[in-house]
$ cat input.cif   # mmCIF, C-alpha atoms
data_input
#
loop_
_atom_site.label_atom_id
_atom_site.label_comp_id
_atom_site.auth_asym_id
_atom_site.auth_seq_id
_atom_site.Cartn_x
_atom_site.Cartn_y
_atom_site.Cartn_z
CA MET A 1 -24.32 -0.46 11.80
CA THR A 2 -23.96 -1.55 15.42
CA GLN A 3 -20.81 -0.66 17.28
CA LEU A 4 -19.48 -3.83 18.90
CA HIS A 5 -17.28 -2.14 21.48
CA ALA A 6 -15.57 1.11 22.31
CA PRO A 7 -13.14 2.06 19.56
CA PRO A 8 -9.41 2.10 20.25
CA SER A 9 -7.65 5.39 20.91
CA ARG A 10 -6.90 7.60 17.93
CA LEU A 11 -3.21 6.74 17.58
CA THR A 12 -3.80 3.04 18.26
CA ALA A 13 -6.57 3.01 15.67
CA ILE A 14 -4.29 4.56 13.05
CA ASP A 15 -1.57 1.99 13.75
CA LEU A 16 -4.15 -0.79 13.67
CA VAL A 17 -5.51 0.24 10.27
CA ARG A 18 -1.97 0.78 8.96
CA GLY A 19 -1.03 -2.74 10.07
CA VAL A 20 -3.97 -4.20 8.16
CA ALA A 21 -3.00 -2.14 5.11
CA ILE A 22 0.64 -3.32 5.17
CA LEU A 23 -0.28 -6.99 5.41
CA GLY A 24 -3.02 -6.41 2.84
CA THR A 25 -0.52 -5.08 0.31
CA LEU A 26 1.34 -8.36 0.67
CA GLY A 27 -1.99 -10.05 -0.05
CA THR A 28 -1.82 -8.37 -3.47
CA ASN A 29 1.89 -8.78 -4.10
CA ILE A 30 2.13 -12.42 -2.98
CA TRP A 31 0.40 -13.51 -6.20
CA ILE A 32 3.19 -11.82 -8.16
CA PHE A 33 5.95 -13.37 -6.07
CA THR A 34 4.53 -16.89 -6.27
CA THR A 35 4.13 -17.08 -10.03
CA PRO A 36 7.18 -18.39 -11.94
CA ASN A 37 7.07 -15.41 -14.34
CA GLY A 38 7.19 -12.91 -11.48
CA PRO A 39 6.01 -9.36 -12.33
CA ALA A 40 5.53 -10.39 -15.97
CA ASP A 41 2.37 -12.18 -14.79
CA LEU A 42 0.83 -9.13 -13.12
CA LEU A 43 -2.28 -9.43 -15.31
CA SER A 44 -2.52 -13.21 -15.26
CA THR A 45 -5.91 -14.52 -14.17
CA ALA A 46 -6.98 -17.92 -12.93
CA ASN A 47 -9.76 -19.90 -14.59
CA PRO A 48 -12.85 -19.06 -12.48
CA ASP A 49 -14.66 -22.14 -13.81
CA THR A 50 -12.58 -24.42 -11.57
CA PHE A 51 -12.81 -24.46 -7.78
CA SER A 52 -9.17 -23.51 -7.23
CA GLY A 53 -9.41 -20.86 -9.95
CA ALA A 54 -12.53 -19.36 -8.38
CA VAL A 55 -10.80 -19.26 -4.99
CA GLU A 56 -7.77 -17.50 -6.47
CA THR A 57 -9.93 -15.01 -8.37
CA ALA A 58 -11.93 -14.22 -5.23
CA LEU A 59 -8.82 -13.74 -3.08
CA ARG A 60 -7.07 -11.59 -5.66
CA THR A 61 -10.24 -9.50 -5.92
CA LEU A 62 -10.34 -9.15 -2.14
CA ALA A 63 -6.84 -7.65 -2.05
CA ASN A 64 -6.32 -6.04 -5.46
CA GLY A 65 -5.92 -2.29 -5.04
CA LYS A 66 -7.91 -2.01 -1.81
CA PHE A 67 -4.98 -1.92 0.57
CA LEU A 68 -2.94 0.27 -1.76
CA ALA A 69 -5.79 2.79 -1.60
CA LEU A 70 -6.16 2.31 2.17
CA LEU A 71 -2.45 2.93 2.68
CA THR A 72 -2.72 6.04 0.52
CA LEU A 73 -5.55 7.38 2.68
CA LEU A 74 -3.42 6.75 5.76
CA PHE A 75 -0.53 8.70 4.26
CA GLY A 76 -2.96 11.60 4.00
CA VAL A 77 -3.95 11.12 7.64
CA GLY A 78 -0.27 11.14 8.62
CA LEU A 79 0.40 14.24 6.54
CA GLU A 80 -2.41 16.08 8.33
CA LEU A 81 -0.95 15.07 11.70
CA GLN A 82 2.52 16.24 10.61
CA TYR A 83 1.07 19.56 9.43
CA ARG A 84 -0.77 20.22 12.69
CA SER A 85 2.27 19.22 14.73
CA ALA A 86 4.55 21.56 12.74
CA LEU A 87 2.16 24.48 13.28
CA ARG A 88 2.07 23.85 17.02
CA ARG A 89 5.87 23.60 17.31
CA SER A 90 7.13 26.40 15.10
CA GLY A 91 4.46 27.55 12.69
CA ARG A 92 6.70 26.67 9.73
CA TRP A 93 5.39 24.45 6.94
CA PRO A 94 6.44 22.47 4.95
CA GLY A 95 9.91 23.14 6.39
CA TRP A 96 11.72 19.90 7.16
CA TYR A 97 8.82 17.82 5.87
CA LEU A 98 10.30 18.04 2.37
CA TRP A 99 13.44 16.37 3.72
CA ARG A 100 11.23 13.57 5.08
CA ALA A 101 9.74 13.14 1.62
CA ALA A 102 13.21 13.05 0.06
CA LEU A 103 14.26 10.30 2.47
CA LEU A 104 11.10 8.36 1.62
CA PHE A 105 11.92 8.66 -2.08
CA THR A 106 15.44 7.34 -1.44
CA GLU A 107 14.05 4.42 0.56
CA GLY A 108 11.62 3.63 -2.25
CA LEU A 109 14.38 3.81 -4.85
CA LEU A 110 16.51 1.30 -2.95
CA HIS A 111 13.48 -0.94 -2.41
CA TYR A 112 12.71 -0.84 -6.13
CA LEU A 113 16.25 -1.60 -7.25
CA LEU A 114 17.09 -4.28 -4.71
CA ILE A 115 13.79 -6.01 -3.94
CA PHE A 116 10.52 -5.30 -5.76
CA GLU A 117 9.51 -3.82 -9.10
CA PHE A 118 6.21 -2.34 -7.96
CA ASP A 119 7.41 -0.25 -5.02
CA VAL A 120 4.93 2.49 -4.08
CA LEU A 121 7.11 4.56 -1.72
CA MET A 122 8.65 6.64 -4.50
CA SER A 123 5.20 7.61 -5.74
CA TYR A 124 4.09 8.50 -2.21
CA ALA A 125 7.18 10.66 -1.75
CA VAL A 126 6.45 12.70 -4.88
CA THR A 127 2.77 12.96 -3.95
CA SER A 128 3.56 14.13 -0.42
CA MET A 129 5.76 16.92 -1.79
CA LEU A 130 2.84 18.14 -3.89
CA VAL A 131 0.19 17.77 -1.19
CA ALA A 132 2.40 19.48 1.41
CA TYR A 133 1.54 22.77 -0.34
CA LEU A 134 -2.20 21.98 -0.40
CA ILE A 135 -2.76 20.53 3.05
CA GLY A 136 -3.40 23.82 4.86
CA ARG A 137 -5.82 25.29 2.35
CA SER A 138 -9.56 25.70 2.88
CA ASP A 139 -12.03 22.84 2.51
CA ARG A 140 -13.31 24.50 -0.66
CA ALA A 141 -9.83 24.61 -2.20
CA THR A 142 -8.92 21.06 -1.23
CA GLY A 143 -12.33 19.87 -2.43
CA TRP A 144 -11.57 21.42 -5.82
CA TRP A 145 -8.21 19.65 -5.96
CA ILE A 146 -9.82 16.33 -4.98
CA GLY A 147 -12.37 16.71 -7.76
CA VAL A 148 -9.86 17.70 -10.43
CA MET A 149 -7.30 15.01 -9.55
CA GLY A 150 -9.99 12.36 -9.21
CA ALA A 151 -11.54 13.28 -12.56
CA LEU A 152 -8.13 13.26 -14.25
CA HIS A 153 -7.38 9.81 -12.84
CA VAL A 154 -10.76 8.33 -13.80
CA ALA A 155 -10.49 9.79 -17.31
CA PHE A 156 -7.07 8.20 -17.82
CA ILE A 157 -8.22 4.82 -16.52
CA GLY A 158 -11.31 5.06 -18.73
CA LEU A 159 -9.21 5.64 -21.85
CA VAL A 160 -6.89 2.73 -21.06
CA THR A 161 -9.86 0.45 -20.29
CA ALA A 162 -11.54 1.35 -23.58
CA ALA A 163 -8.32 0.50 -25.41
CA LEU A 164 -8.03 -2.83 -23.58
CA LEU A 165 -11.64 -3.78 -24.29
CA SER A 166 -11.34 -2.88 -27.98
CA GLY A 167 -8.13 -4.86 -28.38
CA THR A 168 -6.06 -1.85 -29.46
CA ALA A 169 -3.90 -2.16 -26.32
CA SER A 170 -2.53 -5.08 -24.35
CA MET A 171 -0.85 -5.26 -20.96
CA SER A 172 0.23 -8.91 -20.97
CA GLY A 173 3.87 -9.59 -20.16
CA GLN A 174 6.27 -11.87 -21.96
CA PRO A 175 7.17 -15.23 -20.36
CA THR A 176 10.58 -15.15 -18.68
CA ASP A 177 12.78 -17.41 -16.60
CA LEU A 178 14.50 -14.46 -14.91
CA TYR A 179 12.74 -15.15 -11.61
CA THR A 180 13.18 -18.92 -11.62
CA ARG A 181 16.75 -19.13 -12.96
CA GLY A 182 18.15 -15.59 -12.88
CA SER A 183 20.49 -14.32 -10.18
CA TRP A 184 19.82 -11.37 -7.90
CA PRO A 185 22.25 -9.08 -9.82
CA GLN A 186 20.49 -10.04 -13.07
CA GLN A 187 17.13 -9.00 -11.59
CA ILE A 188 18.61 -5.68 -10.46
CA ALA A 189 19.95 -5.13 -13.98
CA ALA A 190 16.49 -5.90 -15.41
CA ARG A 191 14.89 -3.33 -13.11
CA LEU A 192 17.36 -0.74 -14.32
CA ALA A 193 16.82 -1.67 -17.98
CA ASP A 194 13.01 -1.83 -17.72
CA TRP A 195 12.65 1.28 -15.56
CA PRO A 196 9.96 2.94 -17.77
CA THR A 197 7.78 -0.18 -17.68
CA TYR A 198 7.98 -0.89 -13.98
CA ARG A 199 7.75 2.75 -12.85
CA LEU A 200 4.77 3.60 -15.06
CA GLU A 201 2.30 2.68 -12.32
CA ALA A 202 4.10 4.88 -9.80
CA ILE A 203 3.64 7.84 -12.16
CA PHE A 204 0.05 7.47 -13.33
CA ILE A 205 -1.34 6.86 -9.83
CA ILE A 206 -0.09 10.28 -8.63
CA PRO A 207 -3.40 12.08 -9.41
CA MET A 208 -5.30 9.34 -7.53
CA SER A 209 -2.82 9.57 -4.67
CA VAL A 210 -3.16 13.36 -4.44
CA ALA A 211 -6.93 13.00 -4.18
CA LEU A 212 -6.74 10.22 -1.57
CA PHE A 213 -4.09 12.07 0.46
CA LEU A 214 -6.42 15.06 0.68
CA VAL A 215 -9.45 12.87 1.47
CA GLY A 216 -7.49 11.16 4.24
CA ALA A 217 -6.44 14.54 5.67
CA ARG A 218 -10.02 15.80 5.66
CA LEU A 219 -11.30 12.61 7.31
CA GLN A 220 -8.66 12.97 10.03
CA ARG A 221 -9.78 16.56 10.55
CA ALA A 222 -13.40 15.37 10.75
CA GLY A 223 -12.52 12.91 13.54
CA VAL A 224 -12.73 9.57 11.74
CA PHE A 225 -10.53 7.96 14.42
CA ALA A 226 -12.01 9.86 17.36
CA ALA A 227 -14.07 8.15 20.05
CA ASP A 228 -17.15 10.10 18.91
CA GLY A 229 -16.49 9.43 15.21
CA GLN A 230 -18.59 6.27 14.90
CA ARG A 231 -21.30 8.02 12.91
CA LEU A 232 -18.74 9.06 10.31
CA ARG A 233 -17.25 5.55 10.28
CA ASN A 234 -20.73 4.08 9.75
CA ARG A 235 -21.31 6.35 6.76
CA LEU A 236 -17.99 5.31 5.27
CA MET A 237 -18.86 1.63 5.73
CA ILE A 238 -22.27 1.98 4.11
CA ALA A 239 -21.00 3.91 1.10
CA GLY A 240 -17.66 2.18 0.67
CA LEU A 241 -18.66 -1.42 1.29
CA GLY A 242 -22.31 -1.31 0.29
CA LEU A 243 -21.59 0.23 -3.12
CA GLY A 244 -17.92 -0.48 -3.76
CA VAL A 245 -17.83 -4.22 -3.03
CA PRO A 246 -20.65 -5.27 -5.43
CA LEU A 247 -19.24 -3.12 -8.24
CA ASN A 248 -15.73 -4.43 -7.63
CA LEU A 249 -16.96 -8.02 -7.80
CA LEU A 250 -18.48 -7.32 -11.21
CA THR A 251 -15.23 -5.96 -12.63
CA ALA A 252 -13.17 -8.76 -11.05
CA PHE A 253 -15.04 -11.49 -12.92
CA ALA A 254 -15.61 -9.45 -16.09
CA GLY A 255 -12.25 -10.31 -17.62
CA PRO A 256 -8.75 -8.81 -17.92
CA GLY A 257 -10.04 -5.85 -19.94
CA TRP A 258 -11.45 -4.38 -16.73
CA PHE A 259 -8.20 -4.77 -14.81
CA MET A 260 -7.52 -1.02 -14.55
CA VAL A 261 -10.98 -0.24 -13.14
CA ASP A 262 -10.73 -3.25 -10.84
CA ARG A 263 -7.40 -2.08 -9.40
CA TYR A 264 -7.31 1.70 -9.66
CA VAL A 265 -10.87 3.07 -9.42
CA LEU A 266 -13.31 0.99 -7.36
CA PRO A 267 -10.79 -0.02 -4.65
CA SER A 268 -10.64 3.60 -3.48
CA LEU A 269 -14.33 3.38 -2.62
CA VAL A 270 -13.85 0.04 -0.85
CA ALA A 271 -10.87 1.48 1.06
CA LEU A 272 -13.09 4.20 2.53
CA GLY A 273 -15.36 1.44 3.83
CA LEU A 274 -12.39 -0.38 5.33
CA LEU A 275 -11.22 2.84 6.98
CA GLY A 276 -14.55 2.93 8.79
CA LEU A 277 -14.82 -0.81 9.42
CA ILE A 278 -11.43 -1.72 10.89
CA PRO A 279 -11.38 0.59 13.94
CA SER A 280 -15.07 -0.21 14.53
CA VAL A 281 -14.63 -3.99 14.88
CA LEU A 282 -11.00 -4.44 15.92
CA ARG A 283 -9.03 -3.30 18.94
CA GLY A 284 -5.30 -3.02 19.46
CA THR A 285 -5.44 -5.71 22.15
CA GLY A 286 -5.34 -9.49 22.08
CA LEU A 287 -2.83 -11.41 20.00
CA ILE A 288 -4.23 -10.38 16.61
CA GLY A 289 -4.93 -6.77 17.53
CA LEU A 290 -1.54 -6.36 19.18
CA GLY A 291 0.21 -7.95 16.21
CA LEU A 292 -1.57 -5.72 13.71
CA THR A 293 -0.87 -2.60 15.76
CA SER A 294 2.81 -3.56 16.04
CA VAL A 295 3.02 -4.01 12.28
CA GLY A 296 1.44 -0.57 11.91
CA ARG A 297 4.03 0.98 14.23
CA THR A 298 6.86 -0.63 12.22
CA ALA A 299 5.13 -0.25 8.87
CA LEU A 300 8.18 0.73 6.80
CA SER A 301 10.28 -2.16 8.11
CA CYS A 302 7.49 -4.69 7.66
CA TYR A 303 6.65 -3.47 4.15
CA VAL A 304 10.25 -3.80 2.94
CA PHE A 305 11.24 -6.95 4.82
CA GLN A 306 8.08 -8.91 4.01
CA ASN A 307 8.78 -8.37 0.32
CA LEU A 308 12.39 -9.45 0.85
CA VAL A 309 11.24 -12.64 2.59
CA ALA A 310 8.85 -13.35 -0.29
CA CYS A 311 11.76 -12.95 -2.75
CA VAL A 312 13.89 -15.41 -0.79
CA LEU A 313 11.06 -17.93 -0.66
CA CYS A 314 9.99 -17.66 -4.28
CA TYR A 315 12.83 -16.63 -6.58
CA GLY A 316 15.45 -18.90 -8.10
CA TRP A 317 18.34 -17.28 -6.22
CA GLY A 318 16.50 -18.17 -3.00
CA LEU A 319 14.47 -21.30 -2.29
CA GLY A 320 12.80 -21.24 -5.71
CA LEU A 321 9.36 -22.25 -4.39
CA ALA A 322 7.45 -20.32 -7.07
CA ALA A 323 8.53 -22.86 -9.69
CA GLU A 324 8.60 -25.88 -7.38
CA LEU A 325 5.08 -25.34 -6.01
CA ASP A 326 3.34 -23.81 -9.02
CA TRP A 327 1.17 -26.91 -9.19
CA ALA A 328 -0.13 -26.16 -5.67
CA ARG A 329 -1.58 -22.71 -6.42
CA PRO A 330 -3.53 -21.10 -4.88
CA TRP A 331 -3.15 -23.10 -1.69
CA TRP A 332 0.58 -22.67 -1.21
CA THR A 333 0.24 -18.96 -2.03
CA ILE A 334 -2.31 -18.61 0.76
CA ALA A 335 -0.02 -20.48 3.16
CA ALA A 336 2.97 -18.31 2.21
CA TRP A 337 0.98 -15.11 2.83
CA ALA A 338 -0.36 -16.35 6.18
CA GLY A 339 3.07 -17.53 7.29
CA ILE A 340 4.78 -14.23 6.42
CA CYS A 341 2.02 -12.23 8.11
CA ALA A 342 2.21 -14.31 11.30
CA THR A 343 5.99 -13.99 11.31
CA PHE A 344 5.99 -10.22 11.06
CA MET A 345 3.17 -9.76 13.54
CA THR A 346 5.24 -11.78 16.01
CA LEU A 347 8.61 -10.16 15.18
CA SER A 348 7.27 -6.59 15.26
CA THR A 349 5.59 -7.19 18.64
CA TRP A 350 8.83 -8.63 20.05
CA TRP A 351 10.94 -5.83 18.57
CA LEU A 352 8.81 -3.06 20.08
CA ARG A 353 9.24 -4.56 23.53
CA HIS A 354 12.93 -3.71 23.28
CA HIS A 355 13.04 -0.74 20.90
CA GLN A 356 11.06 2.45 20.41
CA ARG A 357 11.03 2.21 16.60
CA GLY A 358 11.34 -0.44 13.93
CA PRO A 359 14.84 -1.03 12.47
CA LEU A 360 14.30 0.92 9.26
CA GLU A 361 12.27 3.54 11.11
CA ALA A 362 15.24 4.09 13.46
CA VAL A 363 17.67 4.54 10.55
CA TRP A 364 15.19 6.82 8.79
CA HIS A 365 14.67 8.92 11.96
CA TRP A 366 18.44 9.28 12.40
CA ALA A 367 18.81 10.43 8.79
CA TYR A 368 15.93 12.88 9.22
CA LEU A 369 17.50 14.50 12.28
CA LEU A 370 21.08 14.44 10.97
CA PRO A 371 21.04 17.73 8.94
CA GLN A 372 19.05 19.47 11.69
CA ARG A 373 21.85 18.92 14.18
#
$ encode --input "input.cif" --output "structure tokens"
Amino acid sequence: MTQLHAPPSRLTAIDLVRGVAILGTLGTNIWIFTTPNGPADLLSTANPDTFSGAVETALRTLANGKFLALLTLLFGVGLELQYRSALRRSGRWPGWYLWRAALLFTEGLLHYLLIFEFDVLMSYAVTSMLVAYLIGRSDRATGWWIGVMGALHVAFIGLVTAALLSGTASMSGQPTDLYTRGSWPQQIAARLADWPTYRLEAIFIIPMSVALFLVGARLQRAGVFAADGQRLRNRLMIAGLGLGVPLNLLTAFAGPGWFMVDRYVLPSLVALGLLGLIPSVLRGTGLIGLGLTSVGRTALSCYVFQNLVACVLCYGWGLGLAAELDWARPWWTIAAWAGICATFMTLSTWWLRHHQRGPLEAVWHWAYLLPQR
């Protein structure tokens, strides 16, 4: 695959890919926010026989699971950087990294309770605590862990998929007016009451996350973001996009019984292709590149606040547009996603002109340093 231009620097490339991943996760979640049933319609599918239904199916396929997997790979990249930095500074590991993970878990808990049922930060925090004790092991040892965790994840998804296809299991939610008529405190109470249901995903993706964390760490070690890493990026693109995209298209249009494979297995392969593609064709310059890089540098703030903005736009205690504009799907959903993305690309760029870190990143950094003082 031809390289169009010199790749961005390593750190800029990581921020650039992270920015794409953050806005891509909204591309998945926006379909949940903009349906009147909210998270109860997680498995709802449009009719692909109509033009609007085909567009919605294609767009949901484009986003579903890919950016979750890409973000997971990037957490592994970040963990590798943290590990190397700790060794250079003091030689102690995991040391204070476990406190970082605890703060991430707290942030995810608040995000889950106050804003969004399908928060992923809590799962990442638990995964990072596990992987922190694996990150410095040999390639042979980490390869073994990748294989075991990956096999465990695929086996679980295979069992659930078989049950869905045979009709012995169902994942459809019950219709509810909680998100069109319910208040914010009522939604918080529902998240507390339905904790096992909404946190199930955060638990069963841990084996997948462990595997992808370790893959991301090994790719960082291999120089995937380095100036001379284009050959590795090309291989990732060929394998991830050439094989993963066609297979993912098949599962996307095969019906709701294949939802688990469509979201939790094949997207990991596609994400590897995106990890190679994005730094190969984008730079952290120009309006779009600068905006994406700024989102990547303020990833925690953008992830939380973009979901909060979507709540205000869509839920009954806010503007209530999910019910008012349900007739305009998927077009208004696309407009909402594009508008939120443009807003946060602009706001994050402006913020970083005046501040070193994003607002939540600054609070998080203060809390991380507080016990060390």
$ residues_around --input "input.cif" --residues "segment 259-271 of chain A" --least-positions-apart "4" --cutoff "7 Å" --atoms "only C-alpha atoms" --output "list in words"
Asn64, Gly65, Lys66, Phe67, Ala69, Leu70, Val154, Ile157, Thr161, Gly240, Leu241, Gly244, Val245, Asn248, Thr251, Ala252 and Leu275 of chain A
$ resolve_selection --input "input.cif" --expression "the PyMOL selection byres ((chain A and resi 123) around 12)" --output "PyMOL selection string"
chain A and resi 68+72+75+101-102+104-109+112+118-122+124-130+199-210
$ resolve_selection --input "input.cif" --expression "the PyMOL selection byres ((chain A and resi 172-185) around 10)" --output "PyMOL selection string"
chain A and resi 33-44+113-115+169-171+186-191+256+311+314-324
$ closest_residue --input "input.cif" --among "A:Ser90, A:Thr346, A:Gln82, A:Thr285" --to "Cys302 of chain A" --atoms "only C-alpha atoms"
A:Thr346
$ resolve_selection --input "input.cif" --expression "the PyMOL selection byres ((chain A and resi 11) around 12)" --output "PyMOL selection string"
chain A and resi 7-10+12-18+74+77-78+81+220+223-227+279+283-284+293+296-297
$ closest_residue --input "input.cif" --among "A:Glu56, A:Phe116, A:Ser166, A:Gly257" --to "Trp195 of chain A" --atoms "all atoms listed in the file"
A:Phe116
$ atom_distance --input "input.cif" --atom1 "atom CA of Thr50 of chain A" --atom2 "atom CA of Ala338 of chain A"
23.0 Å
$ closest_residue --input "input.cif" --among "A:Met237, A:Val55, A:Ala367, A:Ala310" --to "Val281 of chain A" --atoms "all atoms listed in the file"
A:Met237
$ closest_residue --input "input.cif" --among "A:Ile30, A:Ala58, A:Val20, A:Val160" --to "Leu290 of chain A" --atoms "all atoms listed in the file"
A:Val20
$ residues_around --input "input.cif" --residues "Thr25 of chain A" --least-positions-apart "2" --cutoff "8 Å" --atoms "all atoms listed in the file" --output "ChimeraX atom specification"
/A:21-23,27-29,63,67-68
